[in-house]
file coords.txt (compact mmCIF, C-alpha atoms)
# COMPACT_ATOMS: atom_id res chain seq x y z
CA MET A 1 -39.34 -12.53 -40.07
CA LEU A 2 -38.77 -8.78 -39.86
CA SER A 3 -39.68 -8.25 -43.51
CA MET A 4 -43.04 -9.84 -42.86
CA PHE A 5 -43.69 -7.41 -40.04
CA ARG A 6 -42.79 -4.43 -42.17
CA LYS A 7 -45.42 -5.48 -44.70
CA ILE A 8 -48.13 -5.28 -42.05
CA ALA A 9 -46.72 -2.10 -40.53
CA VAL A 10 -45.55 -3.63 -37.27
CA GLN A 11 -42.74 -1.61 -35.78
CA LEU A 12 -41.11 -3.24 -32.79
CA PRO A 13 -38.07 -1.49 -31.31
CA ILE A 14 -37.79 -4.45 -28.93
CA ILE A 15 -35.68 -6.17 -31.58
CA LYS A 16 -33.67 -3.14 -32.58
CA SER A 17 -34.61 0.29 -31.29
CA ALA A 18 -34.59 3.05 -33.88
CA ILE A 19 -35.09 5.86 -31.41
CA THR A 20 -32.93 7.47 -28.80
CA ALA A 21 -33.64 6.05 -25.37
CA CYS A 22 -34.62 8.33 -22.56
CA PRO A 23 -31.77 8.99 -20.15
CA PRO A 24 -32.00 6.95 -16.98
CA SER A 25 -33.54 8.78 -14.05
CA SER A 26 -31.33 9.35 -11.03
CA GLN A 27 -34.44 9.01 -8.87
CA PHE A 28 -35.07 5.42 -9.96
CA LEU A 29 -34.41 2.41 -7.77
CA SER A 30 -30.62 2.37 -7.41
CA PRO A 31 -29.98 -1.36 -8.00
CA PHE A 32 -31.79 -1.10 -11.33
CA LEU A 33 -30.15 1.65 -13.36
CA MET A 34 -27.43 3.31 -11.31
CA ASP A 35 -25.07 0.35 -11.19
CA SER A 36 -23.62 0.37 -14.69
CA SER A 37 -21.65 -2.81 -14.02
CA SER A 38 -24.78 -4.85 -13.37
CA SER A 39 -26.15 -7.03 -16.13
CA SER A 40 -29.62 -6.49 -17.54
CA SER A 41 -30.89 -9.61 -15.81
CA GLN A 42 -29.59 -8.43 -12.43
CA ARG A 43 -31.27 -5.06 -12.80
CA LEU A 44 -34.54 -6.64 -13.83
CA LEU A 45 -34.31 -9.04 -10.91
CA ALA A 46 -33.98 -6.07 -8.54
CA LEU A 47 -37.03 -4.50 -10.15
CA ALA A 48 -38.99 -7.73 -9.80
CA GLU A 49 -38.17 -7.92 -6.11
CA GLN A 50 -39.29 -4.31 -5.65
CA LEU A 51 -42.59 -4.86 -7.42
CA ARG A 52 -43.40 -8.05 -5.55
CA ARG A 53 -43.54 -5.94 -2.40
CA TYR A 54 -46.20 -3.66 -3.86
CA LYS A 55 -49.61 -4.12 -2.25
CA PRO A 56 -52.56 -2.71 -4.20
CA PRO A 57 -55.70 -1.51 -2.40
CA PRO A 58 -58.40 -4.17 -1.84
CA PRO A 59 -60.65 -4.76 -4.87
CA VAL A 60 -64.39 -4.57 -5.44
CA ASP A 61 -66.60 -6.08 -8.09
CA GLY A 62 -67.73 -4.41 -11.28
CA GLU A 63 -69.56 -5.18 -14.51
CA PRO A 64 -67.74 -5.50 -17.85
CA GLU A 65 -69.82 -3.29 -20.13
CA ASP A 66 -66.81 -2.27 -22.22
CA ILE A 67 -66.06 -5.65 -23.78
CA GLU A 68 -66.32 -5.69 -27.53
CA PRO A 69 -68.95 -8.24 -28.69
CA HIS A 70 -67.61 -11.47 -30.24
CA THR A 71 -63.95 -10.67 -29.48
CA ASN A 72 -63.95 -10.10 -25.69
CA LYS A 73 -61.46 -7.24 -26.19
CA LEU A 74 -61.24 -4.20 -23.98
CA ILE A 75 -62.27 -1.10 -25.91
CA THR A 76 -62.97 1.58 -23.30
CA GLN A 77 -60.90 4.76 -23.54
CA VAL A 78 -61.83 6.37 -20.22
CA GLY A 79 -60.90 5.11 -16.78
CA PHE A 80 -59.79 5.97 -13.29
CA ALA A 81 -58.24 4.18 -10.33
CA GLU A 82 -60.85 2.54 -8.15
CA SER A 83 -59.40 4.04 -4.98
CA SER A 84 -59.65 7.61 -6.32
CA THR A 85 -63.44 7.64 -6.01
CA PRO A 86 -66.11 6.57 -3.50
CA ILE A 87 -67.14 3.78 -5.88
CA ALA A 88 -65.80 0.92 -3.74
CA GLN A 89 -67.85 1.99 -0.75
CA ASN A 90 -70.90 2.71 -2.88
CA LEU A 91 -70.74 -0.65 -4.61
CA LYS A 92 -70.63 -2.46 -1.29
CA LYS A 93 -73.67 -0.53 -0.05
CA GLU A 94 -75.66 -1.25 -3.20
CA ARG A 95 -74.49 -4.80 -3.81
CA GLU A 96 -77.58 -6.51 -2.43
CA ASN A 97 -79.91 -4.35 -4.53
CA GLN A 98 -77.80 -4.63 -7.67
CA GLU A 99 -76.49 -8.15 -7.33
CA GLU A 100 -77.75 -9.14 -10.77
CA TRP A 101 -76.02 -6.21 -12.46
CA PHE A 102 -72.70 -6.32 -10.63
CA LYS A 103 -71.56 -9.78 -11.67
CA ARG A 104 -68.21 -11.35 -10.93
CA LYS A 105 -66.70 -10.66 -14.33
CA ARG A 106 -63.50 -8.77 -14.89
CA ALA A 107 -60.92 -7.85 -17.46
CA ALA A 108 -57.14 -7.75 -17.30
CA VAL A 109 -54.40 -6.03 -19.28
CA LEU A 110 -50.68 -6.81 -19.43
CA VAL A 111 -48.16 -4.09 -18.65
CA CYS A 112 -45.12 -5.91 -20.05
CA LEU A 113 -41.83 -4.21 -19.21
CA PHE A 114 -38.38 -4.84 -20.66
CA GLU A 115 -35.04 -3.08 -20.68
CA GLY A 116 -34.24 -1.07 -23.78
CA ASP A 117 -30.85 -0.78 -25.41
CA GLY A 118 -30.17 2.43 -23.47
CA GLY A 119 -30.96 0.85 -20.11
CA ASP A 120 -34.41 2.42 -19.79
CA LEU A 121 -37.60 0.56 -19.01
CA ARG A 122 -40.04 0.21 -21.88
CA VAL A 123 -43.62 -1.06 -22.13
CA ILE A 124 -45.17 -3.02 -25.01
CA LEU A 125 -48.21 -1.40 -26.63
CA THR A 126 -50.42 -2.14 -29.60
CA LYS A 127 -52.33 -0.13 -32.15
CA ARG A 128 -55.72 -1.67 -32.85
CA SER A 129 -56.39 -2.85 -36.37
CA SER A 130 -57.96 -0.37 -38.77
CA LYS A 131 -60.30 -3.19 -39.84
CA LEU A 132 -62.08 -3.19 -36.50
CA SER A 133 -65.53 -1.63 -36.40
CA THR A 134 -64.98 0.11 -33.05
CA HIS A 135 -62.05 2.18 -31.80
CA SER A 136 -59.95 1.22 -34.80
CA GLY A 137 -56.40 2.53 -34.78
CA GLU A 138 -56.38 3.31 -31.06
CA VAL A 139 -53.50 2.45 -28.73
CA ALA A 140 -54.10 -0.24 -26.12
CA LEU A 141 -52.37 -2.66 -23.79
CA PRO A 142 -52.80 -6.35 -24.60
CA GLY A 143 -55.76 -7.65 -22.65
CA GLY A 144 -59.40 -8.64 -22.53
CA LYS A 145 -62.13 -10.37 -20.62
CA VAL A 146 -61.52 -12.94 -17.92
CA GLU A 147 -62.73 -16.21 -19.38
CA GLU A 148 -63.93 -19.35 -17.69
CA GLY A 149 -60.90 -21.45 -16.92
CA ASP A 150 -58.57 -18.52 -16.21
CA LYS A 151 -57.25 -19.09 -12.71
CA ASP A 152 -56.55 -15.39 -12.15
CA GLU A 153 -56.05 -12.04 -13.90
CA ALA A 154 -52.39 -12.85 -14.59
CA GLU A 155 -53.43 -15.82 -16.68
CA THR A 156 -56.01 -13.70 -18.49
CA ALA A 157 -53.49 -10.98 -19.33
CA THR A 158 -50.77 -13.34 -20.54
CA ARG A 159 -53.23 -15.46 -22.50
CA GLU A 160 -54.55 -12.38 -24.27
CA ALA A 161 -51.01 -11.19 -25.00
CA LYS A 162 -50.27 -14.55 -26.59
CA GLU A 163 -53.40 -14.30 -28.74
CA GLU A 164 -52.84 -10.68 -29.77
CA ILE A 165 -49.08 -10.31 -30.24
CA GLY A 166 -47.64 -13.81 -29.97
CA LEU A 167 -45.92 -13.23 -26.63
CA ASP A 168 -45.28 -16.63 -25.05
CA PRO A 169 -46.50 -16.54 -21.41
CA SER A 170 -43.42 -18.51 -20.37
CA LEU A 171 -41.28 -15.47 -21.27
CA VAL A 172 -43.16 -13.16 -18.91
CA ASN A 173 -42.34 -13.01 -15.22
CA VAL A 174 -45.55 -11.74 -13.60
CA VAL A 175 -44.52 -9.82 -10.51
CA THR A 176 -47.59 -7.92 -9.29
CA VAL A 177 -51.00 -6.52 -10.09
CA LEU A 178 -52.06 -2.91 -9.68
CA GLU A 179 -55.26 -1.74 -8.12
CA PRO A 180 -58.28 -2.22 -10.38
CA PHE A 181 -59.33 0.57 -12.72
CA LEU A 182 -62.91 1.41 -13.52
CA SER A 183 -63.96 2.14 -17.06
CA LYS A 184 -66.70 4.49 -18.17
CA HIS A 185 -69.21 1.67 -17.68
CA LEU A 186 -67.64 0.74 -14.32
CA LEU A 187 -65.92 -2.28 -15.79
CA ARG A 188 -63.27 -3.52 -13.37
CA VAL A 189 -59.92 -3.78 -15.18
CA VAL A 190 -56.91 -5.29 -13.42
CA PRO A 191 -53.46 -4.25 -14.74
CA VAL A 192 -50.93 -7.07 -14.48
CA ILE A 193 -47.24 -6.11 -14.47
CA GLY A 194 -44.88 -8.60 -16.06
CA ILE A 195 -41.18 -8.44 -16.91
CA LEU A 196 -39.71 -9.68 -20.17
CA THR A 197 -36.12 -10.54 -19.33
CA ASN A 198 -35.12 -12.17 -22.61
CA LYS A 199 -36.44 -9.69 -25.18
CA GLU A 200 -34.63 -11.46 -28.03
CA ALA A 201 -36.75 -14.55 -27.40
CA PHE A 202 -39.93 -12.60 -28.15
CA LYS A 203 -40.82 -13.23 -31.80
CA PRO A 204 -43.74 -10.90 -32.53
CA ASP A 205 -46.66 -12.61 -34.22
CA PRO A 206 -49.56 -10.14 -34.32
CA ASN A 207 -53.12 -11.23 -34.82
CA THR A 208 -53.79 -8.95 -37.79
CA ASP A 209 -57.53 -9.12 -37.24
CA GLU A 210 -56.98 -7.23 -33.98
CA VAL A 211 -53.53 -5.63 -34.05
CA GLU A 212 -52.08 -3.40 -36.75
CA VAL A 213 -48.87 -2.28 -35.02
CA ILE A 214 -46.79 -3.51 -32.10
CA PHE A 215 -44.51 -0.88 -30.61
CA ASP A 216 -43.01 0.12 -27.30
CA ALA A 217 -42.60 3.35 -25.34
CA PRO A 218 -40.48 4.46 -22.39
CA LEU A 219 -42.42 3.87 -19.18
CA GLU A 220 -41.01 6.98 -17.52
CA MET A 221 -42.73 9.28 -20.03
CA PHE A 222 -46.00 8.67 -18.20
CA ILE A 223 -44.80 10.45 -15.07
CA LYS A 224 -43.33 13.38 -16.96
CA ASP A 225 -45.19 16.50 -17.97
CA GLU A 226 -43.79 16.41 -21.50
CA ASN A 227 -45.90 15.73 -24.58
CA ARG A 228 -48.94 15.51 -22.31
CA ARG A 229 -52.34 17.13 -22.52
CA VAL A 230 -55.33 16.88 -20.24
CA GLN A 231 -59.01 17.32 -20.87
CA GLU A 232 -61.61 17.92 -18.20
CA THR A 233 -64.86 16.18 -19.01
CA GLU A 234 -68.18 16.20 -17.18
CA TRP A 235 -69.83 13.04 -15.94
CA MET A 236 -72.97 12.90 -13.83
CA GLY A 237 -72.47 16.48 -12.65
CA SER A 238 -68.79 16.08 -11.75
CA ASN A 239 -65.59 16.79 -13.69
CA TYR A 240 -62.95 14.15 -14.31
CA LEU A 241 -59.58 14.29 -16.05
CA VAL A 242 -58.57 12.43 -19.21
CA HIS A 243 -54.83 12.36 -20.00
CA PHE A 244 -53.38 12.35 -23.53
CA PHE A 245 -49.73 11.51 -24.33
CA ASP A 246 -48.25 12.14 -27.77
CA TYR A 247 -45.51 9.73 -28.76
CA GLU A 248 -43.49 9.31 -31.96
CA THR A 249 -41.23 6.44 -32.98
CA ASN A 250 -40.02 5.18 -36.37
CA ASN A 251 -41.70 8.17 -38.03
CA GLU A 252 -45.07 7.05 -36.67
CA LYS A 253 -47.14 9.14 -34.27
CA TYR A 254 -49.31 7.61 -31.56
CA LEU A 255 -51.82 9.05 -29.13
CA ILE A 256 -51.98 7.21 -25.81
CA TRP A 257 -54.95 8.32 -23.73
CA GLY A 258 -57.89 7.43 -21.53
CA LEU A 259 -57.79 4.17 -19.62
CA THR A 260 -54.50 3.07 -21.16
CA ALA A 261 -52.80 6.32 -20.16
CA ALA A 262 -54.29 6.18 -16.65
CA ILE A 263 -52.98 2.64 -16.12
CA LEU A 264 -49.51 3.56 -17.39
CA ILE A 265 -49.35 6.64 -15.14
CA LYS A 266 -50.05 4.39 -12.16
CA ALA A 267 -47.61 1.70 -13.34
CA ALA A 268 -44.82 4.25 -13.80
CA SER A 269 -45.53 5.77 -10.37
CA VAL A 270 -45.24 2.36 -8.73
CA VAL A 271 -42.11 1.32 -10.64
CA TYR A 272 -40.24 4.61 -10.24
CA GLN A 273 -41.57 5.13 -6.73
CA ARG A 274 -42.63 8.72 -7.26
CA ALA A 275 -45.80 10.54 -8.14
CA PRO A 276 -46.18 12.42 -11.44
CA PRO A 277 -45.76 16.22 -11.42
CA PHE A 278 -49.39 16.64 -12.45
CA VAL A 279 -52.79 15.84 -10.98
CA GLU A 280 -53.89 12.34 -11.93
CA GLN A 281 -57.56 12.77 -11.20
CA ASN A 282 -59.90 15.48 -9.97
CA PRO A 283 -60.07 14.96 -6.20
CA LEU A 284 -63.59 16.38 -6.17
CA MET A 285 -64.92 13.84 -8.67
CA LYS A 286 -67.89 11.94 -7.31
CA VAL A 287 -69.45 8.67 -8.38
CA PRO A 288 -73.21 8.26 -7.86
CA SER A 289 -74.19 5.94 -5.03
CA VAL A 290 -76.57 4.07 -7.32
CA VAL A 291 -75.33 2.85 -10.69
CA ASP A 292 -76.97 0.71 -13.33
CA LYS A 293 -76.51 -0.32 -16.94
CA ASP A 294 -77.31 3.22 -18.10
CA THR A 295 -74.58 4.84 -15.99
CA LEU A 296 -71.56 5.81 -18.08
CA MET A 297 -69.09 8.62 -18.64
CA ARG A 298 -70.03 10.73 -21.62
call {"tool": "encode", "arguments": {"input": "coords.txt", "output": "structure tokens"}}
result
Amino acid sequence: MLSMFRKIAVQLPIIKSAITACPPSSQFLSPFLMDSSSSSSQRLLALAEQLRRYKPPPPVDGEPEDIEPHTNKLITQVGFAESSTPIAQNLKKERENQEEWFKRKRAAVLVCLFEGDGGDLRVILTKRSSKLSTHSGEVALPGGKVEEGDKDEAETATREAKEEIGLDPSLVNVVTVLEPFLSKHLLRVVPVIGILTNKEAFKPDPNTDEVEVIFDAPLEMFIKDENRRVQETEWMGSNYLVHFFDYETNNEKYLIWGLTAAILIKAASVVYQRAPPFVEQNPLMKVPSVVDKDTLMR
């Protein structure tokens, strides 16, 4: 099985990590990492109980303009938390006038966490196939468009993970959802946090039409100011921040940025119960009160 994955360049330290794990943080939830006598399952159970108590801000509706045609995959690389802008209020004000444009369609991504060999929390990521016509080779979380028949975003995220990387939904304990994120086209993306307790039971089976590499990264890196860059970009007369994280594993280098980075910053903040030591988003960023199909971040 592993030899097959090497042929298609899938590196998955879930099975056997080839990198040094980040040292556990003393500021993390004490039942999770500070009790060395606890089993992995006990620590993950404590984490699950913590995350179930998380209450995201109330959602609003958005339009999925960043879904790749024919595949329903999420391709946007820019995003920000819905609550960080006036967009929720503006959408409610304009809903009657823009009812046709703001349809009840959403996307979801899976933030799948597991415990690494060193006791740290890690998140599963993918590198998009180089055969794709758009955003080839970019890092993403498993996910895509909510389809008819999906009962909620959790089902969307786990279904997409099954299709993309072969992760059986029965192995994932969905514990919470984060607040929605808005893409550059104001697509509403819901991050779903799930916990993979039995990592050995996960037998990676990538859809090679979509995924070139499956890898994982330490979640805590997204609330550290190491290997991070930020770019300030103008949109509709305001400046917003795009975060870039450089990560290397198994002699492969990855750039995690845009919407994926923004979601992982929020996920790490919620899990570790502390804010990052850097500004997540420009507090002066404004979203226009009227948006349409031509409104996007450039």
call {"tool": "closest_residue", "arguments": {"input": "coords.txt", "among": "A:Phe215, A:Phe181, A:Tyr240, A:Phe114", "to": "A:Leu47", "atoms": "all atoms listed in the file"}}
result
A:Phe114
call {"tool": "residues_around", "arguments": {"input": "coords.txt", "residues": "stretch 132-144 of chain A", "least_positions_apart": "5", "cutoff": "10 Å", "atoms": "only C-alpha atoms", "output": "number ranges by chain"}}
result
A: 66-68, 71-77, 106-112, 123-127, 153, 156-165, 167, 189-192, 209-215, 254-261, 263-264
call {"tool": "closest_residue", "arguments": {"input": "coords.txt", "among": "A:Val279, A:Leu219, A:Ile265, A:Leu51", "to": "A:Thr176", "atoms": "only C-alpha atoms"}}
result
A:Leu51
call {"tool": "residues_around", "arguments": {"input": "coords.txt", "residues": "A:Asp225", "least_positions_apart": "4", "cutoff": "9 Å", "atoms": "only C-alpha atoms", "output": "list in words"}}
result
Met221, Arg229, Pro276, Pro277 and Phe278 of chain A
call {"tool": "atom_distance", "arguments": {"input": "coords.txt", "atom1": "atom CA of A:Asp150", "atom2": "atom CA of A:Val175"}}
result
17.5 Å
call {"tool": "closest_residue", "arguments": {"input": "coords.txt", "among": "A:Ala267, A:Ile195, A:Val242, A:Ala201", "to": "A:Val230", "atoms": "all atoms listed in the file"}}
result
A:Val242
call {"tool": "closest_residue", "arguments": {"input": "coords.txt", "among": "A:Lys145, A:His243, A:Arg128, A:Arg188", "to": "A:Ile223", "atoms": "all atoms listed in the file"}}
result
A:His243
call {"tool": "atom_distance", "arguments": {"input": "coords.txt", "atom1": "atom CA of A:Ser183", "atom2": "atom CA of A:Asn207"}}
result
24.7 Å
call {"tool": "atom_distance", "arguments": {"input": "coords.txt", "atom1": "atom CA of A:Leu182", "atom2": "atom CA of A:Arg228"}}
result
21.7 Å
call {"tool": "residues_around", "arguments": {"input": "coords.txt", "residues": "A:Asn198", "least_positions_apart": "6", "cutoff": "12 Å", "atoms": "all atoms listed in the file", "output": "list in words"}}
result
Ile14, Ile15, Ser40, Ser41, Leu44, Leu113, Phe114, Glu115, Gly116, Leu167, Asp168, Ser170, Leu171, Val172 and Asn173 of chain A
call {"tool": "closest_residue", "arguments": {"input": "coords.txt", "among": "A:Gln50, A:Glu200, A:Gly194, A:Lys253", "to": "A:Asp117", "atoms": "all atoms listed in the file"}}
result
A:Glu200
